[in-house]
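Note: the block below is target_21.txt and it holds compact mmCIF, C-alpha atoms.
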```txt
# COMPACT_ATOMS: atom_id res chain seq x y z
CA LEU A 416 97.19 29.38 10.28
CA ALA A 417 95.28 26.82 12.32
CA GLU A 418 93.57 29.58 14.33
CA THR A 419 92.26 31.30 11.20
CA GLU A 420 90.78 28.01 9.93
CA GLN A 421 88.85 27.56 13.18
CA VAL A 422 87.52 31.11 13.04
CA ALA A 423 86.40 30.63 9.45
CA MET A 424 84.49 27.46 10.38
CA ALA A 425 82.43 29.10 13.12
CA ARG A 426 79.57 30.78 11.28
CA GLY A 427 77.00 31.73 13.90
CA ARG A 428 73.31 30.98 14.09
CA ARG A 429 71.30 30.17 11.00
CA LYS A 430 68.23 32.32 10.45
CA LYS A 431 65.00 30.48 9.56
CA LYS A 432 63.54 31.99 6.44
CA ARG A 433 60.56 29.91 5.32
CA THR A 434 59.53 27.65 8.19
CA HIS A 435 56.73 29.83 9.54
CA VAL A 436 54.31 31.37 7.07
CA GLU A 437 52.75 34.54 8.41
CA THR A 438 49.02 35.14 8.00
CA VAL A 439 48.42 37.62 5.24
CA ALA A 440 45.95 40.38 5.94
CA ASP A 441 43.55 41.80 3.37
CA PRO A 442 44.29 45.23 1.91
CA ASP A 443 41.69 46.52 4.40
CA GLY A 444 43.85 45.23 7.25
CA LYS A 445 41.47 42.44 8.28
CA LEU A 446 42.77 38.97 9.15
CA PRO A 447 41.12 35.89 7.60
CA PRO A 448 38.30 34.33 9.64
CA GLN A 449 39.31 31.64 12.15
CA THR A 450 36.80 28.84 12.82
CA LEU A 451 36.06 26.04 15.25
CA VAL A 452 34.07 23.01 14.09
CA VAL A 453 32.51 21.37 17.16
CA PRO A 454 29.84 18.77 17.91
CA THR A 455 26.84 19.41 20.12
CA GLY A 456 24.76 16.68 21.72
CA GLU A 457 25.27 13.00 20.95
CA VAL A 458 27.99 12.18 18.47
CA GLY A 459 28.07 9.00 16.42
CA SER A 460 30.90 7.67 14.30
CA ASN A 461 29.52 9.16 11.07
CA LEU A 462 29.15 12.61 12.62
CA ARG A 463 32.67 12.39 14.05
CA LYS A 464 34.03 11.62 10.57
CA LEU A 465 32.02 14.51 9.10
CA ILE A 466 33.47 16.89 11.69
CA MET A 467 37.01 15.78 10.88
CA ASP A 468 36.33 16.22 7.15
CA MET A 469 34.91 19.71 7.73
CA ARG A 470 38.02 20.65 9.71
CA GLN A 471 40.22 19.42 6.85
CA VAL A 472 38.21 21.38 4.27
CA MET A 473 38.43 24.60 6.29
CA GLU A 474 42.21 24.41 6.88
CA PRO A 475 44.51 26.31 7.48
CA TYR A 476 42.19 28.66 9.38
CA THR A 477 40.59 26.11 11.72
CA ALA A 478 41.69 24.05 14.70
CA ARG A 479 42.29 20.56 13.34
CA ASN A 480 43.25 18.70 16.53
CA LEU A 481 40.70 20.23 18.89
CA LYS A 482 40.11 17.99 21.92
CA VAL A 483 36.38 17.79 22.59
CA ARG A 484 34.91 16.26 25.74
CA LYS A 485 31.33 15.21 26.43
CA LYS A 486 30.92 17.83 29.14
CA ASN A 487 31.92 20.77 26.88
CA VAL A 488 29.01 23.12 26.21
CA LEU A 489 28.57 26.09 23.89
CA LYS A 490 29.56 28.51 26.65
CA ASP A 491 33.00 26.86 26.86
CA TYR A 492 33.66 27.36 23.15
CA VAL A 493 32.48 30.98 23.18
CA SER A 494 34.66 31.77 26.21
CA ILE A 495 37.84 30.50 24.53
CA ALA A 496 36.99 32.06 21.17
CA GLY A 497 38.04 35.58 22.17
CA PRO A 498 41.57 34.86 23.45
CA LEU A 499 42.29 32.49 20.54
CA GLY A 500 41.04 34.90 17.87
CA ILE A 501 38.22 32.61 16.72
CA THR A 502 35.65 34.50 14.64
CA HIS A 503 33.22 31.72 13.69
CA LEU A 504 31.82 28.57 15.31
CA MET A 505 30.38 25.72 13.28
CA MET A 506 28.28 23.37 15.41
CA LEU A 507 27.08 19.99 14.16
CA SER A 508 24.44 17.91 15.91
CA LYS A 509 22.58 14.70 15.14
CA THR A 510 18.95 13.64 15.47
CA GLU A 511 17.39 10.34 14.49
CA GLN A 512 16.76 11.50 10.92
CA PHE A 513 19.01 14.47 10.23
CA ILE A 514 22.39 16.08 10.83
CA ASN A 515 22.06 19.77 11.66
CA MET A 516 24.69 22.45 11.15
CA VAL A 517 24.54 25.83 12.90
CA GLY A 518 26.96 28.68 12.29
CA CYS A 519 27.72 31.43 14.75
CA ASP A 520 29.75 34.61 14.37
CA THR A 521 31.48 35.13 17.71
CA SER A 522 32.47 38.72 16.99
CA LEU A 523 28.77 39.62 16.70
CA ASN A 524 27.66 37.20 19.45
CA ASP A 525 24.80 36.14 17.23
CA THR A 526 23.73 33.06 15.26
CA VAL A 527 24.18 33.93 11.61
CA TRP A 528 22.80 30.88 9.82
CA GLY A 529 21.31 27.62 10.92
```

Serialized structure, C-alpha cells:
Amino acid sequence: LAETEQVAMARGRRKKKRTHVETVADPDGKLPPQTLVVPTGEVGSNLRKLIMDMRQVMEPYTARNLKVRKKNVLKDYVSIAGPLGITHLMMLSKTEQFINMVGCDTSLNDTVWG
C-alpha cells in the first residue's frame, strides 16, 4: 500500500501553457514589424528620455533594453538587423534647436521618411 501511494505522488513534469506568448502572424503570413530606436550623434538627457519613451510606446515589437555605446554607428545597427529580424530603424538626433527623427526600412535598405 505504501508503494502505491509513492507512485501516485510522482506526477512527472509540468507543461508550461501560458508563459510564452507566440507572435501572431497576419492572415497573409507576415510577422509584425520589429523596430530599433537608436540615437545618432550627441545625446543629452532629454533625448535619452525621449528614446526610452519611444521604446515603451512601440512595445512589444521593439528592443527595450538595447545597450548603446558612443562608438556605435549606423552600419552596426544595420548589420545586426538582419539576424535579429529587425525590419525598421528609428534614429533620433539632436541639434542646437531641434530633435530630428529619421526612419529606415531595413528590408528595403532605404530611408523611408525623415

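Reported to one decimal place, the separation of CA of Leu504 (chain A) from CA of Lys445 (chain A) is 18.3 Å.
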
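Omitting Asn487 (chain A) and its sequence neighbours fewer than 6 positions away, and counting all atoms listed in the file, the residues within 10 Å are Val453, Pro454, Thr455 and Gly456 of chain A.
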
Atom pair CA of Ile466 (chain A) / CA of Val452 (chain A): separation (Å): 6.6 Å

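Residue nearest Val458 (chain A) within the list A:Thr521, A:Ser508, A:Asn515, A:Thr502: A:Ser508 [criterion: smallest interatomic distance, all atoms listed in the file].
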
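Across the model, the gap from CA of Asn461 (chain A) to CA of Ser494 (chain A) is 27.7 Å.
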
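Counting only C-alpha atoms, the residue from A:Ser522, A:Leu507, A:Leu451, A:Gly500 that sits nearest to Asn480 (chain A) is A:Leu451.
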
Pick from A:Val493, A:Leu446, A:Leu465, A:Val488 nearest to Met516 (chain A), counting all atoms listed in the file: A:Leu465

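Considering all atoms listed in the file, the residue among A:Gln471, A:Arg463, A:Ile501, A:Lys432 positioned nearest to Pro447 (chain A) is A:Ile501.
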
Who sits within 12 Å of Leu499 (chain A), only C-alpha atoms, same chain under 6 positions skipped, as an NGL selection string: :A and (448-451 or 476-478 or 492-493 or 521)

Keeping all heavy atoms (and nothing else), can you write region 498-509 of chain A of this structure as a PDB file, in the first residue's frame?
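Okay, this is what ended up in out27.pdb:
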```pdb
ATOM      1  N   PRO A 498      20.060  39.422 -38.758  1.00  0.00           N
ATOM      2  CA  PRO A 498      19.971  38.227 -37.913  1.00  0.00           C
ATOM      3  C   PRO A 498      18.919  38.322 -36.812  1.00  0.00           C
ATOM      4  O   PRO A 498      18.350  37.316 -36.413  1.00  0.00           O
ATOM      5  CB  PRO A 498      21.368  38.124 -37.302  1.00  0.00           C
ATOM      6  CG  PRO A 498      22.258  38.891 -38.197  1.00  0.00           C
ATOM      7  CD  PRO A 498      21.419  39.959 -38.800  1.00  0.00           C
ATOM      8  N   LEU A 499      18.633  39.536 -36.327  1.00  0.00           N
ATOM      9  CA  LEU A 499      17.640  39.686 -35.260  1.00  0.00           C
ATOM     10  C   LEU A 499      16.209  39.835 -35.778  1.00  0.00           C
ATOM     11  O   LEU A 499      15.273  39.872 -35.000  1.00  0.00           O
ATOM     12  CB  LEU A 499      17.987  40.902 -34.390  1.00  0.00           C
ATOM     13  CG  LEU A 499      19.274  40.793 -33.586  1.00  0.00           C
ATOM     14  CD1 LEU A 499      19.512  42.080 -32.814  1.00  0.00           C
ATOM     15  CD2 LEU A 499      19.218  39.620 -32.630  1.00  0.00           C
ATOM     16  N   GLY A 500      16.037  39.952 -37.075  1.00  0.00           N
ATOM     17  CA  GLY A 500      14.698  40.098 -37.642  1.00  0.00           C
ATOM     18  C   GLY A 500      14.146  41.501 -37.514  1.00  0.00           C
ATOM     19  O   GLY A 500      12.933  41.703 -37.521  1.00  0.00           O
ATOM     20  N   ILE A 501      15.011  42.500 -37.414  1.00  0.00           N
ATOM     21  CA  ILE A 501      14.586  43.891 -37.287  1.00  0.00           C
ATOM     22  C   ILE A 501      14.199  44.401 -38.673  1.00  0.00           C
ATOM     23  O   ILE A 501      14.957  44.279 -39.624  1.00  0.00           O
ATOM     24  CB  ILE A 501      15.727  44.768 -36.715  1.00  0.00           C
ATOM     25  CG1 ILE A 501      16.214  44.219 -35.379  1.00  0.00           C
ATOM     26  CG2 ILE A 501      15.304  46.217 -36.604  1.00  0.00           C
ATOM     27  CD1 ILE A 501      15.191  44.231 -34.283  1.00  0.00           C
ATOM     28  N   THR A 502      13.004  44.986 -38.784  1.00  0.00           N
ATOM     29  CA  THR A 502      12.538  45.484 -40.076  1.00  0.00           C
ATOM     30  C   THR A 502      12.657  47.002 -40.191  1.00  0.00           C
ATOM     31  O   THR A 502      12.738  47.516 -41.292  1.00  0.00           O
ATOM     32  CB  THR A 502      11.082  45.080 -40.317  1.00  0.00           C
ATOM     33  OG1 THR A 502      10.278  45.581 -39.246  1.00  0.00           O
ATOM     34  CG2 THR A 502      10.951  43.580 -40.409  1.00  0.00           C
ATOM     35  N   HIS A 503      12.632  47.722 -39.070  1.00  0.00           N
ATOM     36  CA  HIS A 503      12.668  49.179 -39.119  1.00  0.00           C
ATOM     37  C   HIS A 503      13.646  49.736 -38.084  1.00  0.00           C
ATOM     38  O   HIS A 503      13.737  49.207 -36.974  1.00  0.00           O
ATOM     39  CB  HIS A 503      11.285  49.770 -38.847  1.00  0.00           C
ATOM     40  CG  HIS A 503      10.288  49.462 -39.901  1.00  0.00           C
ATOM     41  ND1 HIS A 503       9.598  48.277 -39.933  1.00  0.00           N
ATOM     42  CD2 HIS A 503       9.883  50.168 -40.981  1.00  0.00           C
ATOM     43  CE1 HIS A 503       8.783  48.276 -40.981  1.00  0.00           C
ATOM     44  NE2 HIS A 503       8.946  49.407 -41.628  1.00  0.00           N
ATOM     45  N   LEU A 504      14.338  50.812 -38.457  1.00  0.00           N
ATOM     46  CA  LEU A 504      15.193  51.561 -37.544  1.00  0.00           C
ATOM     47  C   LEU A 504      14.598  52.950 -37.370  1.00  0.00           C
ATOM     48  O   LEU A 504      14.158  53.564 -38.343  1.00  0.00           O
ATOM     49  CB  LEU A 504      16.609  51.713 -38.104  1.00  0.00           C
ATOM     50  CG  LEU A 504      17.520  50.513 -38.073  1.00  0.00           C
ATOM     51  CD1 LEU A 504      18.828  50.852 -38.766  1.00  0.00           C
ATOM     52  CD2 LEU A 504      17.796  50.089 -36.656  1.00  0.00           C
ATOM     53  N   MET A 505      14.598  53.425 -36.144  1.00  0.00           N
ATOM     54  CA  MET A 505      14.150  54.778 -35.854  1.00  0.00           C
ATOM     55  C   MET A 505      15.319  55.488 -35.202  1.00  0.00           C
ATOM     56  O   MET A 505      15.736  55.106 -34.106  1.00  0.00           O
ATOM     57  CB  MET A 505      12.971  54.720 -34.891  1.00  0.00           C
ATOM     58  CG  MET A 505      11.915  55.655 -35.156  1.00  0.00           C
ATOM     59  SD  MET A 505      10.561  55.138 -34.119  1.00  0.00           S
ATOM     60  CE  MET A 505       9.754  56.661 -34.038  1.00  0.00           C
ATOM     61  N   MET A 506      15.882  56.481 -35.877  1.00  0.00           N
ATOM     62  CA  MET A 506      17.082  57.154 -35.388  1.00  0.00           C
ATOM     63  C   MET A 506      16.724  58.567 -34.952  1.00  0.00           C
ATOM     64  O   MET A 506      16.073  59.311 -35.691  1.00  0.00           O
ATOM     65  CB  MET A 506      18.138  57.182 -36.486  1.00  0.00           C
ATOM     66  CG  MET A 506      18.569  55.795 -36.902  1.00  0.00           C
ATOM     67  SD  MET A 506      19.471  55.761 -38.423  1.00  0.00           S
ATOM     68  CE  MET A 506      18.162  55.946 -39.609  1.00  0.00           C
ATOM     69  N   LEU A 507      17.139  58.931 -33.747  1.00  0.00           N
ATOM     70  CA  LEU A 507      16.882  60.257 -33.204  1.00  0.00           C
ATOM     71  C   LEU A 507      18.206  60.972 -32.994  1.00  0.00           C
ATOM     72  O   LEU A 507      19.151  60.392 -32.452  1.00  0.00           O
ATOM     73  CB  LEU A 507      16.134  60.146 -31.876  1.00  0.00           C
ATOM     74  CG  LEU A 507      14.724  59.574 -32.011  1.00  0.00           C
ATOM     75  CD1 LEU A 507      14.305  58.902 -30.738  1.00  0.00           C
ATOM     76  CD2 LEU A 507      13.760  60.667 -32.363  1.00  0.00           C
ATOM     77  N   SER A 508      18.265  62.230 -33.426  1.00  0.00           N
ATOM     78  CA  SER A 508      19.469  63.029 -33.228  1.00  0.00           C
ATOM     79  C   SER A 508      19.060  64.417 -32.739  1.00  0.00           C
ATOM     80  O   SER A 508      17.907  64.822 -32.854  1.00  0.00           O
ATOM     81  CB  SER A 508      20.275  63.122 -34.519  1.00  0.00           C
ATOM     82  OG  SER A 508      19.518  63.776 -35.511  1.00  0.00           O
ATOM     83  N   LYS A 509      20.056  65.151 -32.225  1.00  0.00           N
ATOM     84  CA  LYS A 509      19.783  66.447 -31.613  1.00  0.00           C
ATOM     85  C   LYS A 509      20.705  67.499 -32.214  1.00  0.00           C
ATOM     86  O   LYS A 509      21.892  67.257 -32.404  1.00  0.00           O
ATOM     87  CB  LYS A 509      20.012  66.347 -30.112  1.00  0.00           C
ATOM     88  CG  LYS A 509      19.730  67.605 -29.325  1.00  0.00           C
ATOM     89  CD  LYS A 509      20.007  67.370 -27.871  1.00  0.00           C
ATOM     90  CE  LYS A 509      21.404  67.876 -27.571  1.00  0.00           C
ATOM     91  NZ  LYS A 509      21.693  67.997 -26.168  1.00  0.00           N
TER      92      LYS A 509
END
```
